[in-house]
Amino acid sequence: MKKITVYCGSRKGESPMYESAVRTLALQMIKRDYSLVYGAGRVGLMGVIADEMLAAGKEVIGIIPQKLVDREVAHQGCTDLVIVETMRDRKWLMAEQGDGFIAMPGGIGTLEELFEIMTLNQLHYIQKPLALFNVNGYYDKLVDFLKHAKEEGFLYSVLEESLIVSDDPIEILEKMASYRPKGTPDW
């Protein structure tokens, strides 16, 4: 694993613990010599993780649609700033570029990206580790909902079992490094 795609908010959230957690994740990625793939924002948690990685001299690949560049939210300091036409293009390229995925706390865009990767893994378009960085229990209710969906017969057990959930970035990165895909293409 060389490149980690991190999905996170274009806002910092109400608690300073979110910014602290993204800085800690960046530090752990730097220690392991990982590159960052992300949505190329200069604002919110996205800007914080990019700035931390860049300050340490690490590769930062930002992928952003032209519409957001026009709104002046693109981080111009990215090692590689890739400008695409649509959000759909952005998501697919981020999925291709990353060797693994971490969803930090974020809004609807982060959730959309999280579910897209879950779907791509389920359908075997990709087979890469996916983690929820569960800062301050941010994803607890989502994890409960996924369990509910499985109990109601709408979610394959292997999908829920393969999702890494932790509030510890060291544990997340260790589990991602040792990840082995589960299931078969026939699901």
# chains A, B, ... in the order shown; residues from 1 in each chain; ligands from 1
$ closest_atom_pairs --of "region 34-139 of chain A" --to "region 15-26 of chain A" --cutoff "9 Å" --atoms "only C-alpha atoms" --output "JSON lines"
{"residue": "A:Leu36", "atom": "CA", "partner": "A:Ala26", "partner_atom": "CA", "distance": 8.7}
{"residue": "A:Gly44", "atom": "CA", "partner": "A:Glu19", "partner_atom": "CA", "distance": 8.5}
{"residue": "A:Leu45", "atom": "CA", "partner": "A:Glu19", "partner_atom": "CA", "distance": 6.3}
{"residue": "A:Met46", "atom": "CA", "partner": "A:Val22", "partner_atom": "CA", "distance": 8.7}
{"residue": "A:Val48", "atom": "CA", "partner": "A:Arg23", "partner_atom": "CA", "distance": 7.0}
{"residue": "A:Ile49", "atom": "CA", "partner": "A:Ala26", "partner_atom": "CA", "distance": 5.9}
{"residue": "A:Ala50", "atom": "CA", "partner": "A:Ala26", "partner_atom": "CA", "distance": 8.3}
{"residue": "A:Glu52", "atom": "CA", "partner": "A:Ala26", "partner_atom": "CA", "distance": 6.3}
{"residue": "A:Met53", "atom": "CA", "partner": "A:Ala26", "partner_atom": "CA", "distance": 6.2}
{"residue": "A:Met104", "atom": "CA", "partner": "A:Val22", "partner_atom": "CA", "distance": 7.6}
{"residue": "A:Pro105", "atom": "CA", "partner": "A:Tyr18", "partner_atom": "CA", "distance": 7.3}
{"residue": "A:Phe133", "atom": "CA", "partner": "A:Ala21", "partner_atom": "CA", "distance": 8.8}
{"residue": "A:Val135", "atom": "CA", "partner": "A:Tyr18", "partner_atom": "CA", "distance": 6.8}
{"residue": "A:Asn136", "atom": "CA", "partner": "A:Met17", "partner_atom": "CA", "distance": 7.9}
$ write_last_selection --atoms "all heavy atoms" --output "mmCIF file, in the first residue's frame"
data_model
loop_
_atom_site.group_PDB
_atom_site.id
_atom_site.type_symbol
_atom_site.label_atom_id
_atom_site.label_comp_id
_atom_site.auth_asym_id
_atom_site.auth_seq_id
_atom_site.Cartn_x
_atom_site.Cartn_y
_atom_site.Cartn_z
ATOM 1 N N LEU A 36 -0.973 10.841 -0.101
ATOM 2 C CA LEU A 36 -2.375 11.177 0.109
ATOM 3 C C LEU A 36 -3.059 11.402 -1.222
ATOM 4 O O LEU A 36 -2.559 12.137 -2.074
ATOM 5 C CB LEU A 36 -2.484 12.458 0.955
ATOM 6 C CG LEU A 36 -3.884 13.075 1.093
ATOM 7 C CD1 LEU A 36 -4.816 12.155 1.882
ATOM 8 C CD2 LEU A 36 -3.794 14.464 1.742
ATOM 9 N N GLY A 44 -11.443 23.236 5.360
ATOM 10 C CA GLY A 44 -11.909 22.190 6.247
ATOM 11 C C GLY A 44 -10.845 21.158 6.570
ATOM 12 O O GLY A 44 -9.640 21.428 6.514
ATOM 13 N N LEU A 45 -11.309 19.967 6.923
ATOM 14 C CA LEU A 45 -10.385 18.879 7.245
ATOM 15 C C LEU A 45 -9.546 18.497 6.038
ATOM 16 O O LEU A 45 -8.396 18.078 6.187
ATOM 17 C CB LEU A 45 -11.152 17.652 7.765
ATOM 18 C CG LEU A 45 -11.898 17.827 9.089
ATOM 19 C CD1 LEU A 45 -12.598 16.527 9.481
ATOM 20 C CD2 LEU A 45 -10.987 18.311 10.194
ATOM 21 N N MET A 46 -10.101 18.692 4.829
ATOM 22 C CA MET A 46 -9.332 18.393 3.623
ATOM 23 C C MET A 46 -8.072 19.254 3.557
ATOM 24 O O MET A 46 -6.982 18.758 3.277
ATOM 25 C CB MET A 46 -10.173 18.612 2.354
ATOM 26 C CG MET A 46 -11.243 17.576 2.157
ATOM 27 S SD MET A 46 -11.904 17.547 0.474
ATOM 28 C CE MET A 46 -12.622 19.166 0.324
ATOM 29 N N VAL A 48 -6.530 20.705 6.030
ATOM 30 C CA VAL A 48 -5.628 20.383 7.141
ATOM 31 C C VAL A 48 -4.759 19.180 6.804
ATOM 32 O O VAL A 48 -3.531 19.225 6.968
ATOM 33 C CB VAL A 48 -6.425 20.135 8.448
ATOM 34 C CG1 VAL A 48 -5.501 19.619 9.554
ATOM 35 C CG2 VAL A 48 -7.143 21.402 8.896
ATOM 36 N N ILE A 49 -5.367 18.102 6.320
ATOM 37 C CA ILE A 49 -4.566 16.907 6.044
ATOM 38 C C ILE A 49 -3.588 17.160 4.892
ATOM 39 O O ILE A 49 -2.438 16.727 4.946
ATOM 40 C CB ILE A 49 -5.435 15.648 5.803
ATOM 41 C CG1 ILE A 49 -4.533 14.395 5.882
ATOM 42 C CG2 ILE A 49 -6.216 15.716 4.499
ATOM 43 C CD1 ILE A 49 -5.284 13.091 5.975
ATOM 44 N N ALA A 50 -4.017 17.902 3.887
ATOM 45 C CA ALA A 50 -3.117 18.206 2.767
ATOM 46 C C ALA A 50 -1.936 19.039 3.249
ATOM 47 O O ALA A 50 -0.780 18.747 2.897
ATOM 48 C CB ALA A 50 -3.872 18.942 1.665
ATOM 49 N N GLU A 52 -0.615 19.210 6.232
ATOM 50 C CA GLU A 52 0.276 18.387 7.067
ATOM 51 C C GLU A 52 1.171 17.505 6.202
ATOM 52 O O GLU A 52 2.378 17.405 6.446
ATOM 53 C CB GLU A 52 -0.530 17.515 8.035
ATOM 54 C CG GLU A 52 -1.236 18.291 9.119
ATOM 55 C CD GLU A 52 -0.285 18.924 10.119
ATOM 56 O OE1 GLU A 52 0.689 18.270 10.541
ATOM 57 O OE2 GLU A 52 -0.525 20.101 10.477
ATOM 58 N N MET A 53 0.577 16.870 5.210
ATOM 59 C CA MET A 53 1.341 15.980 4.332
ATOM 60 C C MET A 53 2.367 16.777 3.519
ATOM 61 O O MET A 53 3.523 16.358 3.394
ATOM 62 C CB MET A 53 0.401 15.207 3.409
ATOM 63 C CG MET A 53 -0.594 14.288 4.110
ATOM 64 S SD MET A 53 0.138 12.867 4.927
ATOM 65 C CE MET A 53 0.640 11.885 3.523
ATOM 66 N N MET A 104 -12.965 9.928 7.120
ATOM 67 C CA MET A 104 -12.959 10.743 8.337
ATOM 68 C C MET A 104 -14.376 11.275 8.528
ATOM 69 O O MET A 104 -15.210 11.143 7.637
ATOM 70 C CB MET A 104 -12.008 11.937 8.143
ATOM 71 C CG MET A 104 -10.546 11.634 8.047
ATOM 72 S SD MET A 104 -9.754 11.332 9.630
ATOM 73 C CE MET A 104 -10.189 12.761 10.602
ATOM 74 N N PRO A 105 -14.640 11.929 9.655
ATOM 75 C CA PRO A 105 -15.916 12.623 9.761
ATOM 76 C C PRO A 105 -16.072 13.636 8.624
ATOM 77 O O PRO A 105 -15.113 14.282 8.207
ATOM 78 C CB PRO A 105 -15.811 13.323 11.122
ATOM 79 C CG PRO A 105 -14.948 12.392 11.921
ATOM 80 C CD PRO A 105 -13.903 11.933 10.931
ATOM 81 N N PHE A 133 -12.706 6.171 10.219
ATOM 82 C CA PHE A 133 -11.972 6.749 11.344
ATOM 83 C C PHE A 133 -13.047 7.340 12.252
ATOM 84 O O PHE A 133 -13.533 8.439 12.043
ATOM 85 C CB PHE A 133 -10.982 7.796 10.856
ATOM 86 C CG PHE A 133 -10.021 8.301 11.902
ATOM 87 C CD1 PHE A 133 -9.058 9.222 11.555
ATOM 88 C CD2 PHE A 133 -10.065 7.868 13.212
ATOM 89 C CE1 PHE A 133 -8.161 9.717 12.484
ATOM 90 C CE2 PHE A 133 -9.176 8.340 14.164
ATOM 91 C CZ PHE A 133 -8.226 9.276 13.802
ATOM 92 N N VAL A 135 -13.860 8.998 14.886
ATOM 93 C CA VAL A 135 -13.481 10.016 15.865
ATOM 94 C C VAL A 135 -14.696 10.384 16.715
ATOM 95 O O VAL A 135 -15.750 10.743 16.191
ATOM 96 C CB VAL A 135 -12.938 11.278 15.150
ATOM 97 C CG1 VAL A 135 -12.561 12.352 16.168
ATOM 98 C CG2 VAL A 135 -11.765 10.924 14.249
ATOM 99 N N ASN A 136 -14.530 10.272 18.020
ATOM 100 C CA ASN A 136 -15.577 10.667 18.962
ATOM 101 C C ASN A 136 -16.906 9.963 18.685
ATOM 102 O O ASN A 136 -17.975 10.535 18.892
ATOM 103 C CB ASN A 136 -15.757 12.195 18.928
ATOM 104 C CG ASN A 136 -16.548 12.723 20.105
ATOM 105 O OD1 ASN A 136 -16.451 12.179 21.210
ATOM 106 N ND2 ASN A 136 -17.324 13.769 19.888
#
$ residues_around --residues "region 30-33 of chain A" --least-positions-apart "5" --cutoff "8 Å" --atoms "only C-alpha atoms" --output "ChimeraX atom specification"
/A:2,53,56,58
$ write_last_selection --atoms "all heavy atoms" --output "tab-separated table (two decimals), in the first residue's frame"
chain	number	residue	atom	x	y	z
A	2	LYS	N	0.64	2.11	-0.96
A	2	LYS	CA	1.45	3.32	-1.10
A	2	LYS	C	0.63	4.60	-0.99
A	2	LYS	O	1.08	5.60	-0.48
A	2	LYS	CB	2.18	3.34	-2.45
A	2	LYS	CG	3.15	2.20	-2.64
A	2	LYS	CD	4.37	2.43	-1.81
A	2	LYS	CE	5.39	1.34	-2.10
A	2	LYS	NZ	6.44	1.31	-1.12
A	53	MET	N	0.58	16.87	5.21
A	53	MET	CA	1.34	15.98	4.33
A	53	MET	C	2.37	16.78	3.52
A	53	MET	O	3.52	16.36	3.39
A	53	MET	CB	0.40	15.21	3.41
A	53	MET	CG	-0.59	14.29	4.11
A	53	MET	SD	0.14	12.87	4.93
A	53	MET	CE	0.64	11.88	3.52
A	56	ALA	N	5.46	17.91	5.34
A	56	ALA	CA	6.42	16.83	5.56
A	56	ALA	C	7.07	16.36	4.26
A	56	ALA	O	7.83	15.39	4.25
A	56	ALA	CB	5.73	15.65	6.25
A	58	LYS	N	5.54	15.05	1.62
A	58	LYS	CA	4.89	13.86	1.05
A	58	LYS	C	4.06	14.22	-0.19
A	58	LYS	O	3.61	15.36	-0.35
A	58	LYS	CB	3.99	13.19	2.10
A	58	LYS	CG	4.76	12.67	3.28
A	58	LYS	CD	5.78	11.65	2.85
A	58	LYS	CE	6.61	11.18	4.00
A	58	LYS	NZ	7.77	10.41	3.58
$ select_by_dssp --residues "region 53-173 of chain A" --states "helix (DSSP H, G or I)" --output "ChimeraX atom specification"
/A:53-55,66-70,87-97,108-122,135-137,140-151,157-162,169-173
$ residues_around --residues "region 177-180 of chain A" --least-positions-apart "3" --cutoff "7 Å" --atoms "only C-alpha atoms" --output "PDB file with C-alpha atoms, in the first residue's frame"
ATOM      1  CA  MET A   1       0.000   0.000   0.000  1.00  0.00           C
ATOM      2  CA  PRO A 129      -9.447  -1.849   2.349  1.00  0.00           C
ATOM      3  CA  LEU A 173      -3.398   1.692   9.085  1.00  0.00           C
ATOM      4  CA  GLU A 174      -2.172  -1.645  10.478  1.00  0.00           C
TER       5      GLU A 174
END
$ closest_residue --among "A:Val158, A:Val143, A:Ile170, A:Ile126" --to "Lys182 (chain A)" --atoms "only C-alpha atoms"
A:Val158
$ closest_residue --among "A:Met29, A:Gln122, A:Gly107, A:Lys12" --to "Ile172 (chain A)" --atoms "only C-alpha atoms"
A:Met29
$ residues_around --residues "region 7-11 of chain A" --least-positions-apart "2" --cutoff "8 Å" --atoms "only C-alpha atoms" --output "list in words"
Thr5, Gly13, Tyr38, Gly39, Gly41, Val43, Gly44, Leu45, Met46, Gly47, Phe101, Ile102, Ala103, Met104, Pro105, Gly106, Gly107, Gly109, Thr110, Glu113 and Leu114 of chain A
$ write_last_selection --atoms "C-alpha atoms" --output "JSON list (two decimals), in the first residue's frame"
[["chain", "number", "residue", "atom", "x", "y", "z"],
["A", 5, "THR", "CA", -7.46, 8.03, -0.32],
["A", 13, "GLY", "CA", -16.76, 20.39, 12.40],
["A", 38, "TYR", "CA", -8.01, 13.40, -1.64],
["A", 39, "GLY", "CA", -10.59, 15.81, -3.02],
["A", 41, "GLY", "CA", -9.85, 21.14, -1.16],
["A", 43, "VAL", "CA", -10.70, 24.20, 3.28],
["A", 44, "GLY", "CA", -11.91, 22.19, 6.25],
["A", 45, "LEU", "CA", -10.38, 18.88, 7.25],
["A", 46, "MET", "CA", -9.33, 18.39, 3.62],
["A", 47, "GLY", "CA", -7.06, 21.42, 3.78],
["A", 101, "PHE", "CA", -9.61, 4.32, 1.80],
["A", 102, "ILE", "CA", -10.27, 6.11, 5.06],
["A", 103, "ALA", "CA", -13.48, 8.03, 5.73],
["A", 104, "MET", "CA", -12.96, 10.74, 8.34],
["A", 105, "PRO", "CA", -15.92, 12.62, 9.76],
["A", 106, "GLY", "CA", -17.57, 14.62, 7.02],
["A", 107, "GLY", "CA", -20.86, 15.50, 5.44],
["A", 109, "GLY", "CA", -20.11, 14.06, 0.13],
["A", 110, "THR", "CA", -18.01, 11.93, 2.48],
["A", 113, "GLU", "CA", -17.85, 8.43, -1.28],
["A", 114, "LEU", "CA", -17.90, 5.89, 1.54]]
$ atom_distance --atom1 "CA of Asp168 (chain A)" --atom2 "CA of Ala40 (chain A)"
24.3 Å
$ closest_residue --among "A:Gly57, A:Ile108, A:Met94, A:Glu85" --to "Asp70 (chain A)" --atoms "only C-alpha atoms"
A:Glu85
$ select_by_dssp --residues "chain A" --states "strand (DSSP E)" --output "PyMOL selection string"
chain A and resi 3-7+35-38+60-65+80-84+100-103+130-133+164-166
$ residues_around --residues "region 118-121 of chain A" --least-positions-apart "3" --cutoff "10 Å" --atoms "only C-alpha atoms" --output "number ranges by chain"
A: 92, 95, 112-115, 124-130, 159-160, 162-163, 181-183, 185
$ write_last_selection --atoms "N, CA, C and O atoms" --output "PDB file, in the first residue's frame"
ATOM      1  N   TRP A  92     -14.401   8.402  -9.287  1.00  0.00           N
ATOM      2  CA  TRP A  92     -13.817   7.229  -9.921  1.00  0.00           C
ATOM      3  C   TRP A  92     -12.292   7.305  -9.916  1.00  0.00           C
ATOM      4  O   TRP A  92     -11.621   6.321  -9.624  1.00  0.00           O
ATOM      5  N   ALA A  95     -10.978   6.543  -6.549  1.00  0.00           N
ATOM      6  CA  ALA A  95     -11.067   5.096  -6.284  1.00  0.00           C
ATOM      7  C   ALA A  95      -9.943   4.339  -6.987  1.00  0.00           C
ATOM      8  O   ALA A  95      -9.384   3.392  -6.441  1.00  0.00           O
ATOM      9  N   GLU A 112     -21.343   9.792   0.654  1.00  0.00           N
ATOM     10  CA  GLU A 112     -21.522   9.294  -0.715  1.00  0.00           C
ATOM     11  C   GLU A 112     -20.279   8.522  -1.163  1.00  0.00           C
ATOM     12  O   GLU A 112     -20.370   7.433  -1.733  1.00  0.00           O
ATOM     13  N   GLU A 113     -19.105   9.079  -0.887  1.00  0.00           N
ATOM     14  CA  GLU A 113     -17.850   8.429  -1.282  1.00  0.00           C
ATOM     15  C   GLU A 113     -17.661   7.112  -0.540  1.00  0.00           C
ATOM     16  O   GLU A 113     -17.252   6.103  -1.133  1.00  0.00           O
ATOM     17  N   LEU A 114     -17.988   7.104   0.734  1.00  0.00           N
ATOM     18  CA  LEU A 114     -17.902   5.887   1.540  1.00  0.00           C
ATOM     19  C   LEU A 114     -18.768   4.782   0.940  1.00  0.00           C
ATOM     20  O   LEU A 114     -18.299   3.654   0.728  1.00  0.00           O
ATOM     21  N   PHE A 115     -20.010   5.099   0.647  1.00  0.00           N
ATOM     22  CA  PHE A 115     -20.914   4.080   0.108  1.00  0.00           C
ATOM     23  C   PHE A 115     -20.519   3.655  -1.302  1.00  0.00           C
ATOM     24  O   PHE A 115     -20.724   2.503  -1.686  1.00  0.00           O
ATOM     25  N   HIS A 124     -16.857  -6.129  -6.702  1.00  0.00           N
ATOM     26  CA  HIS A 124     -15.513  -6.534  -7.133  1.00  0.00           C
ATOM     27  C   HIS A 124     -14.976  -5.712  -8.297  1.00  0.00           C
ATOM     28  O   HIS A 124     -14.173  -6.196  -9.080  1.00  0.00           O
ATOM     29  N   TYR A 125     -15.421  -4.468  -8.397  1.00  0.00           N
ATOM     30  CA  TYR A 125     -14.750  -3.555  -9.321  1.00  0.00           C
ATOM     31  C   TYR A 125     -13.376  -3.204  -8.763  1.00  0.00           C
ATOM     32  O   TYR A 125     -12.435  -2.968  -9.515  1.00  0.00           O
ATOM     33  N   ILE A 126     -13.302  -3.134  -7.445  1.00  0.00           N
ATOM     34  CA  ILE A 126     -12.039  -2.980  -6.726  1.00  0.00           C
ATOM     35  C   ILE A 126     -12.078  -3.955  -5.554  1.00  0.00           C
ATOM     36  O   ILE A 126     -13.144  -4.480  -5.206  1.00  0.00           O
ATOM     37  N   GLN A 127     -10.939  -4.200  -4.962  1.00  0.00           N
ATOM     38  CA  GLN A 127     -10.873  -4.984  -3.723  1.00  0.00           C
ATOM     39  C   GLN A 127      -9.797  -4.347  -2.865  1.00  0.00           C
ATOM     40  O   GLN A 127      -8.644  -4.777  -2.872  1.00  0.00           O
ATOM     41  N   LYS A 128     -10.190  -3.299  -2.162  1.00  0.00           N
ATOM     42  CA  LYS A 128      -9.248  -2.504  -1.388  1.00  0.00           C
ATOM     43  C   LYS A 128      -9.830  -2.246  -0.004  1.00  0.00           C
ATOM     44  O   LYS A 128     -11.049  -2.149   0.158  1.00  0.00           O
ATOM     45  N   PRO A 129      -8.958  -2.081   0.987  1.00  0.00           N
ATOM     46  CA  PRO A 129      -9.447  -1.849   2.349  1.00  0.00           C
ATOM     47  C   PRO A 129     -10.155  -0.502   2.487  1.00  0.00           C
ATOM     48  O   PRO A 129      -9.762   0.488   1.867  1.00  0.00           O
ATOM     49  N   LEU A 130     -11.172  -0.509   3.335  1.00  0.00           N
ATOM     50  CA  LEU A 130     -11.965   0.683   3.613  1.00  0.00           C
ATOM     51  C   LEU A 130     -12.131   0.802   5.122  1.00  0.00           C
ATOM     52  O   LEU A 130     -12.518  -0.167   5.781  1.00  0.00           O
ATOM     53  N   LEU A 159     -19.494  -7.827   3.651  1.00  0.00           N
ATOM     54  CA  LEU A 159     -19.283  -6.398   3.456  1.00  0.00           C
ATOM     55  C   LEU A 159     -19.129  -5.692   4.803  1.00  0.00           C
ATOM     56  O   LEU A 159     -18.211  -4.906   5.010  1.00  0.00           O
ATOM     57  N   GLU A 160     -20.014  -6.015   5.730  1.00  0.00           N
ATOM     58  CA  GLU A 160     -19.927  -5.424   7.057  1.00  0.00           C
ATOM     59  C   GLU A 160     -18.653  -5.888   7.771  1.00  0.00           C
ATOM     60  O   GLU A 160     -17.965  -5.095   8.410  1.00  0.00           O
ATOM     61  N   SER A 162     -15.801  -6.734   6.502  1.00  0.00           N
ATOM     62  CA  SER A 162     -14.564  -6.228   5.917  1.00  0.00           C
ATOM     63  C   SER A 162     -14.336  -4.743   6.194  1.00  0.00           C
ATOM     64  O   SER A 162     -13.251  -4.224   5.961  1.00  0.00           O
ATOM     65  N   LEU A 163     -15.345  -4.055   6.704  1.00  0.00           N
ATOM     66  CA  LEU A 163     -15.223  -2.637   7.015  1.00  0.00           C
ATOM     67  C   LEU A 163     -14.418  -2.464   8.303  1.00  0.00           C
ATOM     68  O   LEU A 163     -14.760  -3.026   9.337  1.00  0.00           O
ATOM     69  N   PRO A 181      -8.851  -9.363   0.802  1.00  0.00           N
ATOM     70  CA  PRO A 181     -10.264  -9.342   0.365  1.00  0.00           C
ATOM     71  C   PRO A 181     -10.995 -10.609   0.775  1.00  0.00           C
ATOM     72  O   PRO A 181     -10.412 -11.693   0.807  1.00  0.00           O
ATOM     73  N   LYS A 182     -12.272 -10.427   1.069  1.00  0.00           N
ATOM     74  CA  LYS A 182     -13.148 -11.554   1.432  1.00  0.00           C
ATOM     75  C   LYS A 182     -14.232 -11.678   0.381  1.00  0.00           C
ATOM     76  O   LYS A 182     -14.544 -10.732  -0.324  1.00  0.00           O
ATOM     77  N   GLY A 183     -14.819 -12.827   0.316  1.00  0.00           N
ATOM     78  CA  GLY A 183     -15.935 -13.014  -0.598  1.00  0.00           C
ATOM     79  C   GLY A 183     -15.487 -13.428  -1.990  1.00  0.00           C
ATOM     80  O   GLY A 183     -14.307 -13.543  -2.273  1.00  0.00           O
ATOM     81  N   PRO A 185     -16.479 -13.001  -6.386  1.00  0.00           N
ATOM     82  CA  PRO A 185     -17.130 -12.088  -7.333  1.00  0.00           C
ATOM     83  C   PRO A 185     -18.617 -12.376  -7.528  1.00  0.00           C
ATOM     84  O   PRO A 185     -19.356 -11.532  -7.990  1.00  0.00           O
TER      85      PRO A 185
END
$ atom_distance --atom1 "CA of Val60 (chain A)" --atom2 "CA of Tyr138 (chain A)"
25.6 Å
$ residues_around --residues "Val69 (chain A)" --least-positions-apart "5" --cutoff "9 Å" --atoms "only C-alpha atoms" --output "PDB file with C-alpha atoms, in the first residue's frame"
ATOM      1  CA  GLY A  41      -9.847  21.140  -1.155  1.00  0.00           C
ATOM      2  CA  ILE A  64     -11.241  18.173  -8.096  1.00  0.00           C
ATOM      3  CA  ALA A  74      -8.762  24.012  -4.864  1.00  0.00           C
ATOM      4  CA  HIS A  75      -5.525  23.562  -2.918  1.00  0.00           C
ATOM      5  CA  ILE A  83      -8.847  18.806 -12.594  1.00  0.00           C
TER       6      ILE A  83
END
$ closest_residue --among "A:Val6, A:Leu68, A:Leu111, A:Ile63" --to "Asp89 (chain A)" --atoms "only C-alpha atoms"
A:Ile63
